[in-house]
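This report concerns only the one structure given below.
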Amino acid sequence: MAIKQVEMIQANTATGNVKPLRFRIAGRSINIDRIITSAEEKSAGFVWLVYEAESIVDDRLHRYKLKFDTRACKWYFIGGPS
């Protein structure tokens with residue numbers, strides 16, 4: 001599975017929750033149709049927000065993960081449509 005840094009449009013709540021909405025990969029903009037799970041991962045002092053999500057791309061359902069590095073404020077894509 002490929003891991004790629006992506007540009008993300010996200011929503012932030014007043015309580016600090018982060019919700020990914022849409023990202024750009026390989027020149028395409030992908031809407032996040034459904035977030036299946038969300039979790040927090042801690043590793044060596046880093047905190048990651050991990051989302052398993054689904055999108056319909058070219059009439060096919062794709063499932064993938066998105067990871068948010070809370071320290072660097074960067075999003076990463078793992079698997080799915082590219």
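Following the order of the structure tokens, first chain is A, next is B, and so on, with residues numbered from 1 inside each chain and ligands from 1 in the order they appear.
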Close residues, range 24-38 of chain A itself excluded, 9 Å, only C-alpha atoms, min 3 positions apart in chain, as a PyMOL selection string: chain A and resi 4-9+19-21+49-57+77+81-82
Can those selected residues be exported to a file as a PDB file, in the first residue's frame so that it contains C-alpha atoms?
ATOM      1  CA  LYS A   4       1.181   9.687   0.119  1.00  0.00           C
ATOM      2  CA  GLN A   5       0.933  13.139   1.602  1.00  0.00           C
ATOM      3  CA  VAL A   6      -2.268  14.833   0.412  1.00  0.00           C
ATOM      4  CA  GLU A   7      -3.922  18.236   0.474  1.00  0.00           C
ATOM      5  CA  MET A   8      -7.050  18.095   2.641  1.00  0.00           C
ATOM      6  CA  ILE A   9     -10.148  20.166   3.259  1.00  0.00           C
ATOM      7  CA  LYS A  19     -13.237  15.822  10.332  1.00  0.00           C
ATOM      8  CA  PRO A  20     -11.744  15.237   6.854  1.00  0.00           C
ATOM      9  CA  LEU A  21     -14.090  16.254   4.014  1.00  0.00           C
ATOM     10  CA  LEU A  49      -5.683  10.792  14.097  1.00  0.00           C
ATOM     11  CA  VAL A  50      -6.534   7.780  11.919  1.00  0.00           C
ATOM     12  CA  TYR A  51      -9.704   7.568   9.833  1.00  0.00           C
ATOM     13  CA  GLU A  52     -10.973   4.633   7.812  1.00  0.00           C
ATOM     14  CA  ALA A  53     -13.177   6.053   5.075  1.00  0.00           C
ATOM     15  CA  GLU A  54     -15.023   5.306   1.826  1.00  0.00           C
ATOM     16  CA  SER A  55     -15.487   7.192  -1.420  1.00  0.00           C
ATOM     17  CA  ILE A  56     -17.187   6.452  -4.693  1.00  0.00           C
ATOM     18  CA  VAL A  57     -14.746   7.151  -7.522  1.00  0.00           C
ATOM     19  CA  PHE A  77      -3.392   8.774   2.425  1.00  0.00           C
ATOM     20  CA  PRO A  81      -8.290   5.469  -5.122  1.00  0.00           C
ATOM     21  CA  SER A  82      -5.259   7.182  -6.623  1.00  0.00           C
TER      22      SER A  82
END
DSSP-assigned strand (DSSP E) among range 26-74 of chain A, expressed as an MDAnalysis selection string: chainID A and resid 28:31 34:43 46:57 60:69 74
For CA of His62 in chain A and CA of Asn17 in chain A, the interatomic separation in Å (one decimal):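 Computing the Euclidean distance for CA of His62 in chain A and CA of Asn17 in chain A yields 24.5 Å.
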Top pick for closest residue to Arg71 in chain A, considering A:Asp58, A:Arg22, A:Gln10, A:Trp48 and counting only C-alpha atoms: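 Between A:Asp58, A:Arg22, A:Gln10, A:Trp48, the residue approaching Arg71 in chain A most closely is A:Trp48.
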Length of the CA of Asn12 in chain A to CA of Asp69 in chain A vector [Å]: 14.7 Å
Proximity to Glu41 in chain A - best of A:Ala2, A:Asp59, A:Phe68, A:Ala14, only C-alpha atoms: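 Closest to Glu41 in chain A, using only C-alpha atoms: A:Phe68.
Of note, CA of Thr70 in chain A and CA of Ser43 in chain A are spaced 11.9 Å apart.
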Name the residues in contact with Gly79 in chain A at a cut-off of 7 Å, using only C-alpha atoms, excluding same-chain residues fewer than 6 positions from it; report them as a PDB file with all heavy atoms, in the first residue's frame.
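Just written: part-v1.pdb:
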ATOM      1  N   MET A   1       0.825  -1.185   0.000  1.00  0.00           N
ATOM      2  CA  MET A   1       0.000   0.000   0.000  1.00  0.00           C
ATOM      3  C   MET A   1       0.865   1.243   0.000  1.00  0.00           C
ATOM      4  O   MET A   1       1.813   1.339   0.751  1.00  0.00           O
ATOM      5  CB  MET A   1      -0.882   0.018   1.242  1.00  0.00           C
ATOM      6  CG  MET A   1      -2.179  -0.654   1.041  1.00  0.00           C
ATOM      7  SD  MET A   1      -3.294  -0.238   2.384  1.00  0.00           S
ATOM      8  CE  MET A   1      -4.252  -1.712   2.306  1.00  0.00           C
ATOM      9  N   ALA A   2       0.483   2.171  -0.809  1.00  0.00           N
ATOM     10  CA  ALA A   2       1.226   3.422  -0.912  1.00  0.00           C
ATOM     11  C   ALA A   2       0.776   4.401   0.169  1.00  0.00           C
ATOM     12  O   ALA A   2      -0.396   4.464   0.519  1.00  0.00           O
ATOM     13  CB  ALA A   2       1.008   4.036  -2.278  1.00  0.00           C
ATOM     14  N   TYR A  64     -10.228   3.199   2.266  1.00  0.00           N
ATOM     15  CA  TYR A  64      -8.844   3.605   2.486  1.00  0.00           C
ATOM     16  C   TYR A  64      -8.714   4.202   3.869  1.00  0.00           C
ATOM     17  O   TYR A  64      -9.700   4.373   4.583  1.00  0.00           O
ATOM     18  CB  TYR A  64      -8.412   4.626   1.424  1.00  0.00           C
ATOM     19  CG  TYR A  64      -9.389   5.771   1.303  1.00  0.00           C
ATOM     20  CD1 TYR A  64      -9.258   6.906   2.080  1.00  0.00           C
ATOM     21  CD2 TYR A  64     -10.473   5.700   0.422  1.00  0.00           C
ATOM     22  CE1 TYR A  64     -10.159   7.937   1.999  1.00  0.00           C
ATOM     23  CE2 TYR A  64     -11.384   6.726   0.344  1.00  0.00           C
ATOM     24  CZ  TYR A  64     -11.227   7.841   1.126  1.00  0.00           C
ATOM     25  OH  TYR A  64     -12.135   8.864   1.066  1.00  0.00           O
ATOM     26  N   LYS A  65      -7.484   4.525   4.264  1.00  0.00           N
ATOM     27  CA  LYS A  65      -7.218   5.190   5.539  1.00  0.00           C
ATOM     28  C   LYS A  65      -6.609   6.560   5.286  1.00  0.00           C
ATOM     29  O   LYS A  65      -5.885   6.754   4.311  1.00  0.00           O
ATOM     30  CB  LYS A  65      -6.259   4.363   6.391  1.00  0.00           C
ATOM     31  CG  LYS A  65      -6.892   3.143   6.982  1.00  0.00           C
ATOM     32  CD  LYS A  65      -5.952   2.461   7.943  1.00  0.00           C
ATOM     33  CE  LYS A  65      -6.613   1.244   8.542  1.00  0.00           C
ATOM     34  NZ  LYS A  65      -5.720   0.573   9.489  1.00  0.00           N
TER      35      LYS A  65
END
